[in-house]
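Single-structure report; data block below.
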Amino acid sequence: PSSPESHYETLRHLYQGCQVVQGNLELTYLPADADTSFLKVRRGKRPEGGEGRGSGRPLTRVPPCQDIKEVQGYVLIAENQVSGLE
């Protein structure tokens with residue numbers, strides 16, 4: 001990687017919001033303080049009370065997280081300093 005910051009941003013850009021990776025999943029050179037929450041997919045659910053019709057507030061969806069479900073290539077997790085993946 002050219003720099004740790006640009007490598008992290010590249011990984012985040014490639015895998016954020018993915019449920020199916022069409023190819024290889026390579027997680028490499030992540031620093032100890034890396035936020036790996038970008039590996040989750042967000043899916044909508046019913047909003048909490050106080051939103052929507054008659055409330056004066058727009059209806060919003062609160063997204064829970066979901067893991068990547070399928071990788072169609074290999075998975076490489078190497079040379080990381082992060083202690084775990086979310």
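Residues in the structure tokens are numbered from 1 in each chain, the chains being A, B, ... in the order shown, and ligands are numbered from 1 in the order shown.
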Against range 64-84 of chain A, which residues of range 2-39 of chain A fall within 6 Å? For each one I want the closest pair of atoms and the distance in Å (one decimal), counting only C-alpha atoms, rows by chain and increasing residue number, as CSV.
residue,atom,partner,partner_atom,distance
A:Gln19,CA,A:Ile68,CA,4.3
A:Val20,CA,A:Glu70,CA,4.8
A:Val21,CA,A:Val71,CA,4.7
A:Gln22,CA,A:Gln72,CA,5.3
A:Gly23,CA,A:Gly73,CA,4.6
A:Asn24,CA,A:Gly73,CA,4.4
A:Leu25,CA,A:Val75,CA,4.8
A:Glu26,CA,A:Leu76,CA,4.6
A:Leu27,CA,A:Ile77,CA,4.9
A:Thr28,CA,A:Ala78,CA,5.1
A:Tyr29,CA,A:Asn80,CA,4.6
A:Leu30,CA,A:Asn80,CA,4.7
A:Pro31,CA,A:Gln81,CA,5.0
A:Ala32,CA,A:Val82,CA,3.9
